[in-house]
Amino acid sequence: MTILTARTTPAPEGISPTRARRAVRALYAGPTLTAADVGAPLLALPDTEPVESSLPGAVPVPGIAATVGRWAGLGIRGVKVFAYGHDRDGRATGALLPGNRMVRAIAAVKAAAPETAVTTEVCGCSWTDHCRCLLLCDDGRIDLDATYALMAAMAVRHADAGADVVSPTAMLDGSVRVVRDARDEAGHRGVGVNPNLAIHTGLYGPFKALMATDPRAGHRRGLQLEPGRAERDTLVQARRWITEGADSLTLQPVMTAVDVLVRLRDDQPVPVVAYSTSGEWNALKALGPAGMVEYLGMLKRAGADQTLTFAAETAARHLEAGRA
């Protein structure tokens with residue numbers, strides 16, 4: 001009688017059967033990074049007063065159509081708009097002008113690429129003459145009610161102009177609820193609310209210098225998470241934002257907070273945006289296009305549903321070249 005036995009021939013030494021053949025590697029490769037996984041910061045600069053910048057996506061409003069059209073052609077589906085403020089005063093009056101730079105920038109994006117998702121920064125720092133995120137009383141104390149009213153009115157102004165998501169940037173407890181209520185009352189229930197989870201860092205520097213948002217006195221640490229406690233405090237703040245009505249969350253910076261991103265992803269089912277801030281750009285340039293794509297792929301594995309990055313166009317071009 002012949003006894004049949006299972007074949008036990010081992011795979012070649014040092015090679016796993018799941019890596020040995022290209023077809024099998026492709027079968028088990030898992031999700032890969034695409035241009036749709038990255039969004040680009042769009043910094044709307046003055047039209048007539050030249051502002052020098054080495055940051056990608058920093059353009060005057062007349063240049064937005066060409067920039068966003070190029071990005072859309074590469075498969076980038078989202079932008080976050082920041083505006084270089086004008087008519088600055090102590091009450092951020094310029095932030096609420098009907099045709100201000102933010103409103104014009106939103107309209108320019110939607111005219112050039114209607115399917116591009118537009119998120120906007122809702123914060124006073126670009127519009128106050130003291131460059132603080134908040135409005136102040138005459139004695140220097142925070143005018144909380146006026147700040148809430150400003151953020152609510154800004155969010156409605158942005159939604160009226162066509163924004164898909166509004167992002168309350170100053171981490172002020174109660175602000176998400178105020179913004180969400182104002183959005184609903186204005187009939188914009190389909191507009192998302194995406195607050196920040198901002199960790200204190202030096203990696204905001206190039207943006208603050210370019211956009212003139214560095215406070216003239218004091219600092220923002222009271223509106224940011226301390227890095228030494230970020231892994232715990234981020235979860236506490238994230239849960240608070242969700243309770244107040246947030247639809248999604250943005251964690252920034254991400255290069256020095258990947259551990260926080262992993263914990264946040266495990267804790268929250270809502271979409272999470274990882275913001276690779278302006279101070280990361282020089283480091284990413286040093287990596288080169290292939291390295292940028294690896295870095296962004298790592299953030300996707302770590303839990304980012306979308307990464308907002310100044311490397312968006314470079315990475316998207318590299319991915320396109322790889323497909324070709």
# chains A, B, ... in the order shown; residues from 1 in each chain; ligands from 1
>>> residues_around(residues="Ile76 in chain A", least_positions_apart="4", cutoff="10 Å", atoms="only C-alpha atoms", output="PyMOL selection string")
chain A and resi 34-40+68-72+116-117+312-313+316
>>> write_last_selection(atoms="N, CA and C atoms", output="PDB file, in the first residue's frame")
ATOM      1  N   THR A  34      -1.844  56.862  -2.313  1.00  0.00           N
ATOM      2  CA  THR A  34      -2.257  57.491  -3.564  1.00  0.00           C
ATOM      3  C   THR A  34      -2.312  59.002  -3.348  1.00  0.00           C
ATOM      4  N   ALA A  35      -2.407  59.742  -4.435  1.00  0.00           N
ATOM      5  CA  ALA A  35      -2.502  61.198  -4.326  1.00  0.00           C
ATOM      6  C   ALA A  35      -3.745  61.618  -3.564  1.00  0.00           C
ATOM      7  N   ALA A  36      -4.784  60.797  -3.583  1.00  0.00           N
ATOM      8  CA  ALA A  36      -6.010  61.122  -2.857  1.00  0.00           C
ATOM      9  C   ALA A  36      -5.813  61.080  -1.347  1.00  0.00           C
ATOM     10  N   ASP A  37      -4.717  60.469  -0.885  1.00  0.00           N
ATOM     11  CA  ASP A  37      -4.444  60.391   0.549  1.00  0.00           C
ATOM     12  C   ASP A  37      -3.789  61.649   1.098  1.00  0.00           C
ATOM     13  N   VAL A  38      -3.403  62.568   0.228  1.00  0.00           N
ATOM     14  CA  VAL A  38      -2.734  63.781   0.686  1.00  0.00           C
ATOM     15  C   VAL A  38      -3.531  65.018   0.288  1.00  0.00           C
ATOM     16  N   GLY A  39      -3.485  66.018   1.158  1.00  0.00           N
ATOM     17  CA  GLY A  39      -4.076  67.311   0.864  1.00  0.00           C
ATOM     18  C   GLY A  39      -2.987  68.363   0.946  1.00  0.00           C
ATOM     19  N   ALA A  40      -3.235  69.518   0.379  1.00  0.00           N
ATOM     20  CA  ALA A  40      -2.205  70.555   0.298  1.00  0.00           C
ATOM     21  C   ALA A  40      -2.643  71.819   1.025  1.00  0.00           C
ATOM     22  N   VAL A  68      -4.317  75.152  -8.056  1.00  0.00           N
ATOM     23  CA  VAL A  68      -5.285  74.125  -7.676  1.00  0.00           C
ATOM     24  C   VAL A  68      -5.644  73.244  -8.862  1.00  0.00           C
ATOM     25  N   GLY A  69      -5.710  73.819 -10.045  1.00  0.00           N
ATOM     26  CA  GLY A  69      -5.964  73.013 -11.239  1.00  0.00           C
ATOM     27  C   GLY A  69      -4.867  71.990 -11.463  1.00  0.00           C
ATOM     28  N   ARG A  70      -3.630  72.403 -11.246  1.00  0.00           N
ATOM     29  CA  ARG A  70      -2.491  71.482 -11.378  1.00  0.00           C
ATOM     30  C   ARG A  70      -2.580  70.364 -10.343  1.00  0.00           C
ATOM     31  N   TRP A  71      -2.904  70.718  -9.119  1.00  0.00           N
ATOM     32  CA  TRP A  71      -3.029  69.714  -8.069  1.00  0.00           C
ATOM     33  C   TRP A  71      -4.148  68.723  -8.375  1.00  0.00           C
ATOM     34  N   ALA A  72      -5.286  69.244  -8.816  1.00  0.00           N
ATOM     35  CA  ALA A  72      -6.415  68.356  -9.130  1.00  0.00           C
ATOM     36  C   ALA A  72      -6.046  67.393 -10.244  1.00  0.00           C
ATOM     37  N   THR A 116     -12.761  69.670  -5.661  1.00  0.00           N
ATOM     38  CA  THR A 116     -11.748  69.725  -4.612  1.00  0.00           C
ATOM     39  C   THR A 116     -12.401  70.140  -3.298  1.00  0.00           C
ATOM     40  N   ALA A 117     -12.160  69.363  -2.239  1.00  0.00           N
ATOM     41  CA  ALA A 117     -12.709  69.674  -0.921  1.00  0.00           C
ATOM     42  C   ALA A 117     -11.920  70.819  -0.296  1.00  0.00           C
ATOM     43  N   ALA A 312       2.713  67.673  -0.857  1.00  0.00           N
ATOM     44  CA  ALA A 312       1.643  67.005  -1.599  1.00  0.00           C
ATOM     45  C   ALA A 312       1.929  66.920  -3.094  1.00  0.00           C
ATOM     46  N   GLU A 313       2.298  68.037  -3.706  1.00  0.00           N
ATOM     47  CA  GLU A 313       2.514  68.017  -5.156  1.00  0.00           C
ATOM     48  C   GLU A 313       3.715  67.161  -5.534  1.00  0.00           C
ATOM     49  N   ALA A 316       2.729  63.540  -5.138  1.00  0.00           N
ATOM     50  CA  ALA A 316       1.774  63.130  -6.164  1.00  0.00           C
ATOM     51  C   ALA A 316       2.457  62.927  -7.520  1.00  0.00           C
TER      52      ALA A 316
END
>>> residues_around(residues="Gly90 in chain A", least_positions_apart="3", cutoff="8 Å", atoms="only C-alpha atoms", output="list of chain:residue names")
A:Thr93, A:Thr128, A:Asp129, A:His130, A:Leu135, A:Leu136
>>> write_last_selection(atoms="C-alpha atoms", output="PDB file, in the first residue's frame")
ATOM      1  CA  THR A  93     -12.738  93.217  11.434  1.00  0.00           C
ATOM      2  CA  THR A 128      -5.839  90.788  14.623  1.00  0.00           C
ATOM      3  CA  ASP A 129      -3.197  93.490  14.814  1.00  0.00           C
ATOM      4  CA  HIS A 130      -1.667  91.754  17.841  1.00  0.00           C
ATOM      5  CA  LEU A 135      -9.885  88.869  20.984  1.00  0.00           C
ATOM      6  CA  LEU A 136      -8.853  90.825  24.055  1.00  0.00           C
TER       7      LEU A 136
END
>>> atom_distance(atom1="CA of Val254 in chain A", atom2="CA of Val122 in chain A")
20.3 Å
>>> closest_atom_pairs(of="range 72-136 of chain A", to="range 152-161 of chain A", cutoff="12 Å", atoms="only C-alpha atoms", output="CSV")
residue,atom,partner,partner_atom,distance
A:Lys80,CA,A:His158,CA,12.0
A:Val81,CA,A:His158,CA,10.3
A:Phe82,CA,A:His158,CA,11.4
A:Ala83,CA,A:His158,CA,11.6
A:Ala92,CA,A:Met154,CA,10.1
A:Thr93,CA,A:Met154,CA,10.4
A:Gly94,CA,A:Met154,CA,10.1
A:Ala95,CA,A:Met154,CA,6.6
A:Leu96,CA,A:Met154,CA,6.1
A:Leu97,CA,A:Arg157,CA,8.7
A:Pro98,CA,A:Arg157,CA,7.6
A:Gly99,CA,A:Ala161,CA,9.4
A:Asn100,CA,A:Arg157,CA,9.9
A:Arg101,CA,A:His158,CA,10.9
A:Met102,CA,A:His158,CA,7.6
A:Val103,CA,A:Ala161,CA,5.8
A:Arg104,CA,A:Ala161,CA,8.1
A:Ala105,CA,A:Ala161,CA,9.2
A:Ile106,CA,A:Ala161,CA,6.4
A:Ala107,CA,A:Ala161,CA,6.4
A:Ala108,CA,A:Ala161,CA,10.1
A:Val109,CA,A:Ala161,CA,10.6
A:Lys110,CA,A:Ala161,CA,9.3
A:Ala111,CA,A:Ala161,CA,11.3
A:Val118,CA,A:His158,CA,9.8
A:Thr119,CA,A:His158,CA,9.1
A:Thr120,CA,A:His158,CA,7.1
A:Glu121,CA,A:Ala155,CA,8.7
A:Val122,CA,A:Met154,CA,6.3
A:Cys123,CA,A:Met154,CA,8.1
A:Gly124,CA,A:Met154,CA,9.1
A:Trp127,CA,A:Met154,CA,10.9
>>> write_last_selection(atoms="C-alpha atoms", output="compact mmCIF listing (two decimals), in the first residue's frame")
# COMPACT_ATOMS: atom_id res chain seq x y z
CA LYS A 80 -6.83 73.73 3.44
CA VAL A 81 -6.95 77.47 2.87
CA PHE A 82 -5.11 79.96 5.07
CA ALA A 83 -5.36 83.66 4.25
CA ALA A 92 -10.35 91.15 13.55
CA THR A 93 -12.74 93.22 11.43
CA GLY A 94 -11.17 92.09 8.17
CA ALA A 95 -12.07 88.46 8.88
CA LEU A 96 -15.74 89.24 8.36
CA LEU A 97 -15.58 91.50 5.29
CA PRO A 98 -17.78 90.03 2.52
CA GLY A 99 -15.04 90.00 -0.13
CA ASN A 100 -11.98 89.38 2.02
CA ARG A 101 -8.98 87.35 0.92
CA MET A 102 -10.28 84.10 2.43
CA VAL A 103 -13.63 84.45 0.66
CA ARG A 104 -11.91 85.17 -2.65
CA ALA A 105 -9.56 82.22 -2.19
CA ILE A 106 -12.42 79.80 -1.53
CA ALA A 107 -14.25 81.03 -4.62
CA ALA A 108 -11.09 80.69 -6.71
CA VAL A 109 -10.57 77.07 -5.64
CA LYS A 110 -14.15 76.11 -6.36
CA ALA A 111 -14.12 77.84 -9.74
CA VAL A 118 -11.99 73.02 0.72
CA THR A 119 -11.20 73.27 4.43
CA THR A 120 -10.64 76.71 5.96
CA GLU A 121 -8.78 78.01 8.98
CA VAL A 122 -11.11 79.69 11.47
CA CYS A 123 -8.89 81.74 13.76
CA GLY A 124 -8.18 85.35 14.64
CA TRP A 127 -6.76 89.19 11.29
>>> closest_residue(among="A:Ile199, A:Ala286, A:Val79, A:Leu74", to="Pro227 in chain A", atoms="only C-alpha atoms")
A:Ile199
>>> atom_distance(atom1="CA of Ala304 in chain A", atom2="CA of Gly57 in chain A")
21.3 Å
>>> select_by_dssp(residues="range 170-242 of chain A", states="helix (DSSP H, G or I)", output="JSON, numbers by chain")
{"A": [175, 176, 177, 178, 179, 180, 181, 182, 183, 184, 185, 205, 206, 207, 208, 209, 210, 211, 221, 222, 223, 227, 228, 229, 230, 231, 232, 233, 234, 235, 236, 237, 238, 239, 240, 241, 242]}
>>> closest_atom_pairs(of="range 118-198 of chain A", to="range 230-252 of chain A", cutoff="9 Å", atoms="only C-alpha atoms", output="Markdown table")
| residue | atom | partner | partner_atom | distance |
| --- | --- | --- | --- | --- |
| A:Ser167 | CA | A:Thr250 | CA | 8.6 |
| A:Met171 | CA | A:Gln237 | CA | 8.9 |
| A:Asp173 | CA | A:Arg240 | CA | 8.1 |
| A:Gly174 | CA | A:Glu244 | CA | 7.1 |
| A:Ser175 | CA | A:Glu244 | CA | 8.3 |
| A:Val176 | CA | A:Glu244 | CA | 5.8 |
| A:Arg177 | CA | A:Glu244 | CA | 4.7 |
| A:Val178 | CA | A:Glu244 | CA | 8.5 |
| A:Arg180 | CA | A:Gly245 | CA | 6.6 |
| A:Asp181 | CA | A:Gly245 | CA | 9.0 |
| A:Gly192 | CA | A:Asp247 | CA | 6.0 |
| A:Val193 | CA | A:Ala246 | CA | 5.2 |
| A:Asn194 | CA | A:Ser248 | CA | 4.9 |
| A:Pro195 | CA | A:Leu249 | CA | 5.6 |
| A:Asn196 | CA | A:Thr250 | CA | 4.8 |
| A:Leu197 | CA | A:Leu251 | CA | 4.8 |
| A:Ala198 | CA | A:Gln252 | CA | 5.0 |
>>> select_by_dssp(residues="range 90-260 of chain A", states="strand (DSSP E)", output="VMD selection string")
chain A and resid 117 to 122 165 to 168 192 to 193 196 to 198 249 to 252
>>> residues_around(residues="Leu299 in chain A", least_positions_apart="4", cutoff="8 Å", atoms="only C-alpha atoms", output="PyMOL selection string")
chain A and resi 258+274+295+303-304+307
>>> atom_distance(atom1="CA of Leu319 in chain A", atom2="CA of Gly291 in chain A")
11.6 Å
>>> residues_around(residues="Ser126 in chain A", least_positions_apart="6", cutoff="7 Å", atoms="only C-alpha atoms", output="compact mmCIF listing (two decimals) with C-alpha atoms, in the first residue's frame")
# COMPACT_ATOMS: atom_id res chain seq x y z
CA TYR A 84 -2.80 86.38 4.81
CA GLY A 85 -5.00 88.80 6.75
CA THR A 213 0.82 85.34 12.71
>>> closest_residue(among="A:Arg25, A:His200, A:His188, A:Arg301", to="Glu226 in chain A", atoms="only C-alpha atoms")
A:His200
>>> decode(residues="range 159-263 of chain A", atoms="C-alpha atoms", output="PDB file, in the first residue's frame")
ATOM      1  CA  ALA A 159     -19.446  78.232   4.444  1.00  0.00           C
ATOM      2  CA  ASP A 160     -21.391  80.894   2.547  1.00  0.00           C
ATOM      3  CA  ALA A 161     -18.395  81.241   0.196  1.00  0.00           C
ATOM      4  CA  GLY A 162     -18.353  77.509  -0.548  1.00  0.00           C
ATOM      5  CA  ALA A 163     -16.125  75.875   2.081  1.00  0.00           C
ATOM      6  CA  ASP A 164     -16.790  72.175   2.619  1.00  0.00           C
ATOM      7  CA  VAL A 165     -15.175  72.007   6.071  1.00  0.00           C
ATOM      8  CA  VAL A 166     -14.402  74.711   8.636  1.00  0.00           C
ATOM      9  CA  SER A 167     -11.542  74.224  11.059  1.00  0.00           C
ATOM     10  CA  PRO A 168     -11.636  76.052  14.420  1.00  0.00           C
ATOM     11  CA  THR A 169      -7.899  76.368  14.912  1.00  0.00           C
ATOM     12  CA  ALA A 170      -7.510  77.940  18.350  1.00  0.00           C
ATOM     13  CA  MET A 171      -7.965  75.188  20.929  1.00  0.00           C
ATOM     14  CA  LEU A 172     -10.540  77.068  22.967  1.00  0.00           C
ATOM     15  CA  ASP A 173     -12.968  74.852  24.866  1.00  0.00           C
ATOM     16  CA  GLY A 174     -16.523  75.548  23.741  1.00  0.00           C
ATOM     17  CA  SER A 175     -15.495  76.881  20.336  1.00  0.00           C
ATOM     18  CA  VAL A 176     -16.482  73.763  18.391  1.00  0.00           C
ATOM     19  CA  ARG A 177     -19.971  73.812  19.857  1.00  0.00           C
ATOM     20  CA  VAL A 178     -20.368  77.504  19.037  1.00  0.00           C
ATOM     21  CA  VAL A 179     -19.154  77.009  15.460  1.00  0.00           C
ATOM     22  CA  ARG A 180     -21.374  73.981  14.914  1.00  0.00           C
ATOM     23  CA  ASP A 181     -24.454  75.778  16.250  1.00  0.00           C
ATOM     24  CA  ALA A 182     -23.783  78.804  14.031  1.00  0.00           C
ATOM     25  CA  ARG A 183     -23.288  76.545  11.029  1.00  0.00           C
ATOM     26  CA  ASP A 184     -26.603  74.808  11.668  1.00  0.00           C
ATOM     27  CA  GLU A 185     -28.503  78.051  12.217  1.00  0.00           C
ATOM     28  CA  ALA A 186     -27.126  79.401   8.932  1.00  0.00           C
ATOM     29  CA  GLY A 187     -28.371  76.332   7.039  1.00  0.00           C
ATOM     30  CA  HIS A 188     -24.977  74.751   6.416  1.00  0.00           C
ATOM     31  CA  ARG A 189     -25.487  71.390   8.110  1.00  0.00           C
ATOM     32  CA  GLY A 190     -23.549  69.667   5.334  1.00  0.00           C
ATOM     33  CA  VAL A 191     -20.368  71.596   6.137  1.00  0.00           C
ATOM     34  CA  GLY A 192     -17.963  69.638   8.319  1.00  0.00           C
ATOM     35  CA  VAL A 193     -16.341  70.894  11.530  1.00  0.00           C
ATOM     36  CA  ASN A 194     -12.711  69.846  11.950  1.00  0.00           C
ATOM     37  CA  PRO A 195     -10.964  71.285  15.035  1.00  0.00           C
ATOM     38  CA  ASN A 196      -7.253  71.165  15.727  1.00  0.00           C
ATOM     39  CA  LEU A 197      -5.309  69.066  18.173  1.00  0.00           C
ATOM     40  CA  ALA A 198      -2.252  71.303  18.234  1.00  0.00           C
ATOM     41  CA  ILE A 199       0.869  70.279  20.114  1.00  0.00           C
ATOM     42  CA  HIS A 200       3.353  72.986  21.071  1.00  0.00           C
ATOM     43  CA  THR A 201       6.372  72.830  18.749  1.00  0.00           C
ATOM     44  CA  GLY A 202       8.934  74.829  16.848  1.00  0.00           C
ATOM     45  CA  LEU A 203       7.647  73.281  13.622  1.00  0.00           C
ATOM     46  CA  TYR A 204       5.118  76.066  13.023  1.00  0.00           C
ATOM     47  CA  GLY A 205       7.847  78.677  12.502  1.00  0.00           C
ATOM     48  CA  PRO A 206       8.028  79.123   8.690  1.00  0.00           C
ATOM     49  CA  PHE A 207       4.245  79.447   8.415  1.00  0.00           C
ATOM     50  CA  LYS A 208       4.042  82.021  11.213  1.00  0.00           C
ATOM     51  CA  ALA A 209       6.846  84.059   9.677  1.00  0.00           C
ATOM     52  CA  LEU A 210       5.305  84.018   6.197  1.00  0.00           C
ATOM     53  CA  MET A 211       1.725  84.718   7.264  1.00  0.00           C
ATOM     54  CA  ALA A 212       2.671  87.235   9.986  1.00  0.00           C
ATOM     55  CA  THR A 213       0.817  85.340  12.714  1.00  0.00           C
ATOM     56  CA  ASP A 214       3.479  85.203  15.413  1.00  0.00           C
ATOM     57  CA  PRO A 215       1.999  86.979  18.475  1.00  0.00           C
ATOM     58  CA  ARG A 216       3.569  90.367  19.104  1.00  0.00           C
ATOM     59  CA  ALA A 217       3.565  89.597  22.823  1.00  0.00           C
ATOM     60  CA  GLY A 218       3.264  86.381  24.789  1.00  0.00           C
ATOM     61  CA  HIS A 219       2.784  82.968  23.248  1.00  0.00           C
ATOM     62  CA  ARG A 220       0.098  80.378  22.446  1.00  0.00           C
ATOM     63  CA  ARG A 221       1.004  77.609  24.856  1.00  0.00           C
ATOM     64  CA  GLY A 222      -2.280  78.020  26.698  1.00  0.00           C
ATOM     65  CA  LEU A 223      -4.037  77.089  23.458  1.00  0.00           C
ATOM     66  CA  GLN A 224      -1.781  74.128  22.668  1.00  0.00           C
ATOM     67  CA  LEU A 225      -0.989  70.729  24.147  1.00  0.00           C
ATOM     68  CA  GLU A 226       2.263  70.236  26.013  1.00  0.00           C
ATOM     69  CA  PRO A 227       4.506  67.779  24.120  1.00  0.00           C
ATOM     70  CA  GLY A 228       5.462  65.863  27.256  1.00  0.00           C
ATOM     71  CA  ARG A 229       1.810  65.036  27.935  1.00  0.00           C
ATOM     72  CA  ALA A 230       0.591  64.962  24.338  1.00  0.00           C
ATOM     73  CA  GLU A 231      -0.122  61.242  24.156  1.00  0.00           C
ATOM     74  CA  ARG A 232      -2.624  61.482  27.031  1.00  0.00           C
ATOM     75  CA  ASP A 233      -3.939  65.016  26.673  1.00  0.00           C
ATOM     76  CA  THR A 234      -4.645  64.645  22.955  1.00  0.00           C
ATOM     77  CA  LEU A 235      -7.151  61.884  23.682  1.00  0.00           C
ATOM     78  CA  VAL A 236      -8.837  63.969  26.369  1.00  0.00           C
ATOM     79  CA  GLN A 237      -9.142  66.947  24.014  1.00  0.00           C
ATOM     80  CA  ALA A 238     -10.264  64.795  21.090  1.00  0.00           C
ATOM     81  CA  ARG A 239     -13.103  63.331  23.143  1.00  0.00           C
ATOM     82  CA  ARG A 240     -14.095  66.842  24.217  1.00  0.00           C
ATOM     83  CA  TRP A 241     -14.187  68.015  20.589  1.00  0.00           C
ATOM     84  CA  ILE A 242     -16.331  65.044  19.571  1.00  0.00           C
ATOM     85  CA  THR A 243     -18.725  65.763  22.436  1.00  0.00           C
ATOM     86  CA  GLU A 244     -18.962  69.382  21.234  1.00  0.00           C
ATOM     87  CA  GLY A 245     -19.888  68.200  17.735  1.00  0.00           C
ATOM     88  CA  ALA A 246     -16.690  67.742  15.709  1.00  0.00           C
ATOM     89  CA  ASP A 247     -17.009  65.585  12.587  1.00  0.00           C
ATOM     90  CA  SER A 248     -13.271  64.978  12.147  1.00  0.00           C
ATOM     91  CA  LEU A 249      -9.971  65.966  13.770  1.00  0.00           C
ATOM     92  CA  THR A 250      -6.602  67.397  12.751  1.00  0.00           C
ATOM     93  CA  LEU A 251      -3.419  66.482  14.626  1.00  0.00           C
ATOM     94  CA  GLN A 252      -0.418  68.783  14.262  1.00  0.00           C
ATOM     95  CA  PRO A 253       2.523  68.595  13.928  1.00  0.00           C
ATOM     96  CA  VAL A 254       2.762  64.921  13.023  1.00  0.00           C
ATOM     97  CA  MET A 255       6.465  64.320  12.366  1.00  0.00           C
ATOM     98  CA  THR A 256       7.214  64.418  16.095  1.00  0.00           C
ATOM     99  CA  ALA A 257       3.881  62.932  17.183  1.00  0.00           C
ATOM    100  CA  VAL A 258       3.438  59.673  15.283  1.00  0.00           C
ATOM    101  CA  ASP A 259       2.971  57.887  18.621  1.00  0.00           C
ATOM    102  CA  VAL A 260       0.104  60.271  19.353  1.00  0.00           C
ATOM    103  CA  LEU A 261      -1.413  59.594  15.929  1.00  0.00           C
ATOM    104  CA  VAL A 262      -1.432  55.848  16.607  1.00  0.00           C
ATOM    105  CA  ARG A 263      -3.133  56.325  19.977  1.00  0.00           C
TER     106      ARG A 263
END
